[in-house]
$ cat query_22.tsv   # TSV, C-alpha atoms
chain	number	residue	atom	x	y	z
A	1	MET	CA	-42.96	35.05	-6.68
A	2	ASN	CA	-44.35	37.37	-9.41
A	3	LYS	CA	-43.08	37.51	-12.95
A	4	ARG	CA	-41.26	40.78	-12.41
A	5	ARG	CA	-39.26	39.25	-9.59
A	6	LEU	CA	-38.62	36.11	-11.62
A	7	HIS	CA	-37.49	38.22	-14.56
A	8	HIS	CA	-35.06	40.09	-12.29
A	9	VAL	CA	-33.57	36.78	-11.09
A	10	TRP	CA	-33.41	35.52	-14.65
A	11	THR	CA	-31.47	38.58	-15.85
A	12	ARG	CA	-28.80	37.71	-13.30
A	13	LEU	CA	-28.87	33.96	-13.80
A	14	ARG	CA	-28.59	34.04	-17.58
A	15	PHE	CA	-25.04	35.38	-17.36
A	16	ILE	CA	-24.03	32.21	-15.52
A	17	LYS	CA	-23.42	29.77	-18.33
A	18	PRO	CA	-23.65	26.06	-17.46
A	19	TRP	CA	-20.74	25.25	-19.71
A	20	TYR	CA	-18.48	27.26	-17.38
A	21	PHE	CA	-19.06	24.64	-14.71
A	22	LEU	CA	-18.77	21.83	-17.23
A	23	ALA	CA	-15.38	23.12	-18.36
A	24	ILE	CA	-14.19	23.38	-14.76
A	25	ALA	CA	-15.45	19.85	-14.06
A	26	VAL	CA	-13.60	18.45	-17.08
A	27	VAL	CA	-10.33	20.23	-16.27
A	28	SER	CA	-10.51	19.29	-12.58
A	29	GLY	CA	-11.32	15.72	-13.49
A	30	ALA	CA	-8.26	15.54	-15.72
A	31	VAL	CA	-6.08	17.01	-12.98
A	32	CYS	CA	-7.50	14.47	-10.54
A	33	VAL	CA	-6.66	11.56	-12.85
A	34	PHE	CA	-3.05	12.71	-13.30
A	35	ALA	CA	-2.68	13.41	-9.57
A	36	LEU	CA	-4.01	9.96	-8.68
A	37	ARG	CA	-1.55	8.41	-11.09
A	38	ALA	CA	1.29	10.44	-9.57
A	39	ASN	CA	0.26	9.27	-6.10
A	40	ASN	CA	0.40	5.64	-7.19
A	41	GLU	CA	3.74	6.05	-8.95
A	42	HIS	CA	5.29	7.64	-5.85
A	43	MET	CA	3.95	4.79	-3.73
A	44	VAL	CA	5.63	2.31	-6.08
A	45	LYS	CA	8.96	4.14	-5.67
A	46	LEU	CA	8.65	4.06	-1.88
A	47	ARG	CA	7.74	0.37	-1.99
A	48	SER	CA	10.80	-0.31	-4.13
A	49	ALA	CA	12.91	1.53	-1.55
A	50	VAL	CA	11.54	-0.81	1.11
A	51	TYR	CA	12.53	-3.87	-0.90
A	52	ALA	CA	15.97	-2.41	-1.58
A	53	ALA	CA	16.52	-1.71	2.13
A	54	ASP	CA	15.33	-5.22	2.96
A	55	ARG	CA	17.84	-6.66	0.51
A	56	LYS	CA	20.69	-4.58	2.00
A	57	GLY	CA	19.61	-5.28	5.56
A	58	SER	CA	19.74	-1.65	6.66
A	59	GLY	CA	17.28	1.24	6.79
A	60	VAL	CA	14.28	-1.09	6.56
A	61	GLN	CA	12.29	0.55	9.34
A	62	LYS	CA	12.73	4.06	7.95
A	63	ALA	CA	11.71	2.92	4.48
A	64	LEU	CA	8.64	1.23	5.95
A	65	ASP	CA	7.74	4.34	7.95
A	66	ASP	CA	8.03	6.51	4.82
A	67	LEU	CA	5.83	4.12	2.86
A	68	GLN	CA	3.22	3.89	5.61
A	69	ALA	CA	3.10	7.67	6.08
A	70	TYR	CA	2.55	8.21	2.36
A	71	VAL	CA	0.03	5.42	1.76
A	72	THR	CA	-2.15	6.37	4.73
A	73	ALA	CA	-2.25	10.04	3.64
A	74	HIS	CA	-2.85	9.77	-0.11
A	75	MET	CA	-5.55	8.38	-2.37
A	76	ASN	CA	-4.89	5.61	-4.92
A	77	THR	CA	-1.90	4.19	-3.07
A	78	ASP	CA	-3.54	0.89	-2.16
A	79	LEU	CA	-0.98	-1.89	-1.84
A	80	SER	CA	-3.46	-4.75	-2.15
A	81	THR	CA	-2.79	-7.32	-4.86
A	82	GLY	CA	-6.28	-8.09	-6.06
A	83	THR	CA	-7.75	-11.21	-4.47
A	84	SER	CA	-4.46	-12.43	-3.04
A	85	VAL	CA	-4.71	-13.72	0.52
A	86	TYR	CA	-1.13	-12.69	1.23
A	87	PRO	CA	-0.16	-9.30	2.67
A	88	PRO	CA	1.08	-6.90	-0.04
A	89	ILE	CA	4.44	-6.26	1.63
A	90	GLN	CA	6.49	-9.34	2.45
A	91	LEU	CA	10.12	-8.78	3.33
A	92	LYS	CA	11.88	-11.89	2.06
A	93	TYR	CA	15.35	-11.02	3.30
A	94	THR	CA	14.12	-9.85	6.70
A	95	TYR	CA	12.38	-13.20	7.03
A	96	GLN	CA	15.56	-15.01	6.09
A	97	ARG	CA	17.53	-13.13	8.74
A	98	LEU	CA	14.86	-13.84	11.36
A	99	VAL	CA	14.84	-17.53	10.50
A	100	GLN	CA	18.62	-17.70	10.71
A	101	ALA	CA	18.64	-15.90	14.05
A	102	LYS	CA	15.90	-18.18	15.36
A	103	GLN	CA	17.76	-21.21	14.10
A	104	ASN	CA	21.01	-20.13	15.74
A	105	ALA	CA	19.27	-19.45	19.04
A	106	ALA	CA	16.99	-22.48	19.08
A	107	ILE	CA	19.39	-25.30	18.31
A	108	ALA	CA	21.58	-26.33	21.22
A	109	VAL	CA	23.86	-29.33	20.94
A	110	ASP	CA	26.05	-31.29	23.34
A	111	SER	CA	29.22	-31.08	21.35
A	112	SER	CA	28.04	-27.66	20.21
A	113	THR	CA	30.10	-26.04	17.48
A	114	GLN	CA	31.52	-29.05	15.65
A	115	LEU	CA	28.26	-31.04	15.36
A	116	TYR	CA	26.22	-27.95	14.53
A	117	THR	CA	28.67	-26.91	11.81
A	118	SER	CA	28.56	-30.41	10.32
A	119	ALA	CA	24.76	-30.31	10.36
A	120	GLN	CA	24.74	-26.94	8.60
A	121	ASN	CA	27.15	-28.11	5.90
A	122	TYR	CA	25.23	-31.34	5.35
A	123	CYS	CA	21.82	-29.65	5.08
A	124	GLN	CA	23.11	-26.80	2.93
A	125	ALA	CA	24.38	-29.33	0.41
A	126	LYS	CA	21.16	-31.31	0.61
A	127	ILE	CA	18.82	-28.28	0.46
A	128	PRO	CA	20.69	-25.51	-1.41
A	129	ILE	CA	17.67	-23.39	-2.35
A	130	GLY	CA	14.82	-21.63	-0.58
A	131	PHE	CA	14.62	-19.08	2.22
A	132	SER	CA	17.91	-19.11	4.09
A	133	GLY	CA	17.53	-21.63	6.88
A	134	GLY	CA	13.78	-21.88	6.46
A	135	TYR	CA	13.72	-25.32	4.85
A	136	ARG	CA	16.86	-26.52	6.60
A	137	VAL	CA	15.81	-26.28	10.26
A	138	PRO	CA	14.11	-29.72	10.35
A	139	CYS	CA	17.06	-31.22	8.46
A	140	ILE	CA	19.59	-29.73	10.90
A	141	GLU	CA	17.59	-30.85	13.93
A	142	GLN	CA	17.27	-34.39	12.52
A	143	TYR	CA	20.98	-34.54	11.74
A	144	ILE	CA	21.96	-33.41	15.23
A	145	GLN	CA	19.62	-35.88	16.91
A	146	SER	CA	20.74	-38.75	14.68
A	147	HIS	CA	24.36	-38.04	15.64
A	148	GLY	CA	23.74	-38.09	19.37
A	149	GLY	CA	23.21	-34.40	19.94
A	150	THR	CA	20.28	-32.71	21.63
A	151	VAL	CA	18.00	-30.08	20.18
A	152	ALA	CA	16.40	-27.50	22.42
A	153	PRO	CA	12.66	-26.94	21.89
A	154	SER	CA	12.29	-24.01	19.52
A	155	ALA	CA	9.53	-21.57	18.73
A	156	ALA	CA	9.11	-22.52	15.07
A	157	THR	CA	6.75	-19.68	14.29
A	158	ILE	CA	8.17	-16.26	13.54
A	159	PRO	CA	5.56	-13.52	14.11
A	160	THR	CA	4.29	-12.36	10.74
A	161	ALA	CA	4.17	-8.79	12.05
A	162	LEU	CA	7.96	-8.74	11.79
A	163	TYR	CA	8.11	-9.26	8.02
A	164	GLU	CA	4.59	-8.81	6.60
A	165	PHE	CA	2.93	-5.41	6.30
A	166	SER	CA	-0.27	-3.97	4.90
A	167	PHE	CA	-1.12	-0.25	4.77
A	168	VAL	CA	-4.54	1.13	3.84
A	169	SER	CA	-4.96	4.24	1.70
A	170	PRO	CA	-7.82	6.66	2.48
A	171	ALA	CA	-10.92	7.00	0.33
A	172	TRP	CA	-10.22	10.74	0.17
A	173	SER	CA	-7.14	12.77	1.01
A	174	PRO	CA	-6.56	16.55	1.22
A	175	ASP	CA	-3.97	16.63	-1.57
A	176	LEU	CA	-4.08	17.70	-5.20
A	177	ALA	CA	-5.98	14.56	-6.20
A	178	GLY	CA	-8.52	14.96	-3.40
A	179	TRP	CA	-9.28	18.65	-3.88
A	180	SER	CA	-9.43	18.39	-7.67
A	181	LEU	CA	-11.93	15.56	-7.22
A	182	VAL	CA	-14.06	17.75	-4.94
A	183	ILE	CA	-13.98	20.63	-7.43
A	184	ALA	CA	-14.87	18.30	-10.30
A	185	LEU	CA	-17.86	16.87	-8.42
A	186	LEU	CA	-19.12	20.26	-7.25
A	187	SER	CA	-18.73	21.72	-10.72
A	188	GLY	CA	-20.65	18.80	-12.17
A	189	VAL	CA	-23.47	19.35	-9.70
A	190	LEU	CA	-23.55	23.09	-10.44
A	191	PHE	CA	-23.62	22.33	-14.17
A	192	VAL	CA	-26.75	20.22	-13.71
A	193	ILE	CA	-28.40	22.75	-11.36
A	194	THR	CA	-27.76	25.77	-13.59
A	195	SER	CA	-28.86	23.88	-16.71
A	196	VAL	CA	-32.16	22.88	-15.09
A	197	ALA	CA	-32.66	26.34	-13.56
A	198	ARG	CA	-32.09	28.13	-16.87
A	199	ARG	CA	-34.63	25.92	-18.63
A	200	TRP	CA	-37.19	26.50	-15.90
A	201	PHE	CA	-36.75	30.28	-15.89
A	202	ARG	CA	-36.92	30.45	-19.68
A	203	ARG	CA	-40.29	28.74	-19.66
A	204	THR	CA	-41.62	30.65	-16.66
A	205	VAL	CA	-40.71	34.26	-17.56
A	206	ARG	CA	-42.04	34.08	-21.15

$ encode --input "query_22.tsv" --output "structure tokens"
Amino acid sequence: MNKRRLHHVWTRLRFIKPWYFLAIAVVSGAVCVFALRANNEHMVKLRSAVYAADRKGSGVQKALDDLQAYVTAHMNTDLSTGTSVYPPIQLKYTYQRLVQAKQNAAIAVDSSTQLYTSAQNYCQAKIPIGFSGGYRVPCIEQYIQSHGGTVAPSAATIPTALYEFSFVSPAWSPDLAGWSLVIALLSGVLFVITSVARRWFRRTVR
């Protein structure tokens, strides 16, 4: 490419100032940071709604669906708790209800109602704290057996999928945070390219 042609390109390129792209990158980066923060704050609100529904015992599935839909579609909504080995969403009250239901279904006694009620009252007084029924099942079974009753074999394990949940957020999402990140990165690249190109043309067309 001869100098005349280079000079023609340079006359067009010199009007494109690198700082234009730098300014766009900075503004877009700031927008991205605020959008990522907004994403995380909204996730926290939805997670709180899940816990509230769990406590009330109604609307849990809808709250979970709303949380899952949002987390899986937006950046910076990761629910992980650092290096914890436990799932980030654990529904305490759902677990309590499942344990109680399992306990009611699993324990069968000869004299039925009277002995079972006595066992419940005894174990509740002996073990007043903890997940409802969770720590009392062995106590109730032992009480029933020691008083001549029979205990049906029970499935002690409650599937964790019923009360533990973990949703993964995407590395990039097509929302305000995602697109502002793309613009910031592209603008940064264009800033570098135009800066290098301007220096090269300045030296070449002299």

$ atom_distance --input "query_22.tsv" --atom1 "atom CA of A:Thr77" --atom2 "atom CA of A:Glu41"
8.4 Å

$ closest_residue --input "query_22.tsv" --among "A:Tyr116, A:Phe191, A:Tyr70, A:Trp200" --to "A:Val168" --atoms "all atoms listed in the file"
A:Tyr70

$ residues_around --input "query_22.tsv" --residues "stretch 20-35 of chain A" --least-positions-apart "6" --cutoff "10 Å" --atoms "only C-alpha atoms" --output "PyMOL selection string"
chain A and resi 41+75-76+175-192+194

$ residues_around --input "query_22.tsv" --residues "A:Tyr163" --least-positions-apart "5" --cutoff "8 Å" --atoms "only C-alpha atoms" --output "list in words"
Ile89, Gln90, Leu91, Lys92, Thr94 and Tyr95 of chain A

$ residues_around --input "query_22.tsv" --residues "stretch 58-66 of chain A" --least-positions-apart "3" --cutoff "12 Å" --atoms "all atoms listed in the file" --output "PyMOL selection string"
chain A and resi 42-55+69-73+89-94+97+162-167

$ atom_distance --input "query_22.tsv" --atom1 "atom CA of A:Thr160" --atom2 "atom CA of A:Gln120"
25.2 Å

$ atom_distance --input "query_22.tsv" --atom1 "atom CA of A:Leu98" --atom2 "atom CA of A:Ser146"
25.8 Å

$ closest_residue --input "query_22.tsv" --among "A:Pro138, A:Ile127, A:Thr117, A:Ser195" --to "A:Trp19" --atoms "only C-alpha atoms"
A:Ser195

$ closest_residue --input "query_22.tsv" --among "A:Lys56, A:Arg37, A:Lys102, A:Arg199" --to "A:Asp78" --atoms "only C-alpha atoms"
A:Arg37

$ closest_residue --input "query_22.tsv" --among "A:Ala38, A:His74, A:Ala197, A:Ser118" --to "A:Pro174" --atoms "all atoms listed in the file"
A:His74

$ closest_residue --input "query_22.tsv" --among "A:Leu115, A:Gly57, A:Gln142, A:Leu67" --to "A:Asn39" --atoms "all atoms listed in the file"
A:Leu67

$ decode --input "query_22.tsv" --residues "stretch 43-68 of chain A" --atoms "N, CA and C atoms" --output "mmCIF file, in the first residue's frame"
data_model
loop_
_atom_site.group_PDB
_atom_site.id
_atom_site.type_symbol
_atom_site.label_atom_id
_atom_site.label_comp_id
_atom_site.auth_asym_id
_atom_site.auth_seq_id
_atom_site.Cartn_x
_atom_site.Cartn_y
_atom_site.Cartn_z
ATOM 1 N N MET A 43 -32.504 -11.904 43.190
ATOM 2 C CA MET A 43 -32.414 -13.318 43.555
ATOM 3 C C MET A 43 -32.628 -13.501 45.058
ATOM 4 N N VAL A 44 -32.029 -12.617 45.850
ATOM 5 C CA VAL A 44 -32.162 -12.701 47.303
ATOM 6 C C VAL A 44 -33.631 -12.531 47.712
ATOM 7 N N LYS A 45 -34.345 -11.612 47.057
ATOM 8 C CA LYS A 45 -35.767 -11.415 47.353
ATOM 9 C C LYS A 45 -36.576 -12.669 47.024
ATOM 10 N N LEU A 46 -36.278 -13.271 45.875
ATOM 11 C CA LEU A 46 -36.997 -14.493 45.485
ATOM 12 C C LEU A 46 -36.672 -15.647 46.429
ATOM 13 N N ARG A 47 -35.420 -15.705 46.872
ATOM 14 C CA ARG A 47 -35.037 -16.755 47.828
ATOM 15 C C ARG A 47 -35.759 -16.555 49.162
ATOM 16 N N SER A 48 -35.881 -15.307 49.580
ATOM 17 C CA SER A 48 -36.609 -15.014 50.814
ATOM 18 C C SER A 48 -38.079 -15.404 50.682
ATOM 19 N N ALA A 49 -38.634 -15.218 49.486
ATOM 20 C CA ALA A 49 -40.027 -15.611 49.246
ATOM 21 C C ALA A 49 -40.182 -17.125 49.365
ATOM 22 N N VAL A 50 -39.167 -17.856 48.934
ATOM 23 C CA VAL A 50 -39.195 -19.323 49.067
ATOM 24 C C VAL A 50 -39.218 -19.716 50.542
ATOM 25 N N TYR A 51 -38.352 -19.106 51.331
ATOM 26 C CA TYR A 51 -38.302 -19.426 52.754
ATOM 27 C C TYR A 51 -39.604 -19.041 53.459
ATOM 28 N N ALA A 52 -40.191 -17.906 53.048
ATOM 29 C CA ALA A 52 -41.454 -17.481 53.649
ATOM 30 C C ALA A 52 -42.574 -18.472 53.316
ATOM 31 N N ALA A 53 -42.611 -18.921 52.056
ATOM 32 C CA ALA A 53 -43.625 -19.897 51.643
ATOM 33 C C ALA A 53 -43.416 -21.220 52.366
ATOM 34 N N ASP A 54 -42.171 -21.601 52.553
ATOM 35 C CA ASP A 54 -41.855 -22.833 53.277
ATOM 36 C C ASP A 54 -42.354 -22.750 54.714
ATOM 37 N N ARG A 55 -42.166 -21.585 55.322
ATOM 38 C CA ARG A 55 -42.604 -21.395 56.709
ATOM 39 C C ARG A 55 -44.131 -21.480 56.810
ATOM 40 N N LYS A 56 -44.820 -20.874 55.824
ATOM 41 C CA LYS A 56 -46.291 -20.883 55.839
ATOM 42 C C LYS A 56 -46.850 -22.238 55.437
ATOM 43 N N GLY A 57 -46.098 -22.965 54.615
ATOM 44 C CA GLY A 57 -46.576 -24.264 54.160
ATOM 45 C C GLY A 57 -47.466 -24.190 52.947
ATOM 46 N N SER A 58 -47.439 -23.069 52.243
ATOM 47 C CA SER A 58 -48.244 -22.934 51.024
ATOM 48 C C SER A 58 -47.498 -22.092 49.996
ATOM 49 N N GLY A 59 -47.700 -22.429 48.715
ATOM 50 C CA GLY A 59 -47.059 -21.685 47.639
ATOM 51 C C GLY A 59 -45.577 -21.968 47.481
ATOM 52 N N VAL A 60 -45.094 -23.047 48.076
ATOM 53 C CA VAL A 60 -43.658 -23.355 48.028
ATOM 54 C C VAL A 60 -43.204 -23.649 46.601
ATOM 55 N N GLN A 61 -43.975 -24.462 45.896
ATOM 56 C CA GLN A 61 -43.556 -24.862 44.548
ATOM 57 C C GLN A 61 -43.491 -23.669 43.600
ATOM 58 N N LYS A 62 -44.465 -22.777 43.675
ATOM 59 C CA LYS A 62 -44.455 -21.595 42.814
ATOM 60 C C LYS A 62 -43.253 -20.703 43.121
ATOM 61 N N ALA A 63 -42.988 -20.515 44.416
ATOM 62 C CA ALA A 63 -41.837 -19.703 44.809
ATOM 63 C C ALA A 63 -40.538 -20.331 44.311
ATOM 64 N N LEU A 64 -40.442 -21.643 44.381
ATOM 65 C CA LEU A 64 -39.258 -22.342 43.882
ATOM 66 C C LEU A 64 -39.126 -22.200 42.374
ATOM 67 N N ASP A 65 -40.253 -22.324 41.679
ATOM 68 C CA ASP A 65 -40.235 -22.183 40.214
ATOM 69 C C ASP A 65 -39.797 -20.781 39.807
ATOM 70 N N ASP A 66 -40.285 -19.773 40.517
ATOM 71 C CA ASP A 66 -39.894 -18.385 40.216
ATOM 72 C C ASP A 66 -38.402 -18.181 40.443
ATOM 73 N N LEU A 67 -37.902 -18.733 41.537
ATOM 74 C CA LEU A 67 -36.476 -18.607 41.847
ATOM 75 C C LEU A 67 -35.624 -19.318 40.805
ATOM 76 N N GLN A 68 -36.022 -20.538 40.454
ATOM 77 C CA GLN A 68 -35.254 -21.306 39.463
ATOM 78 C C GLN A 68 -35.239 -20.603 38.114
#
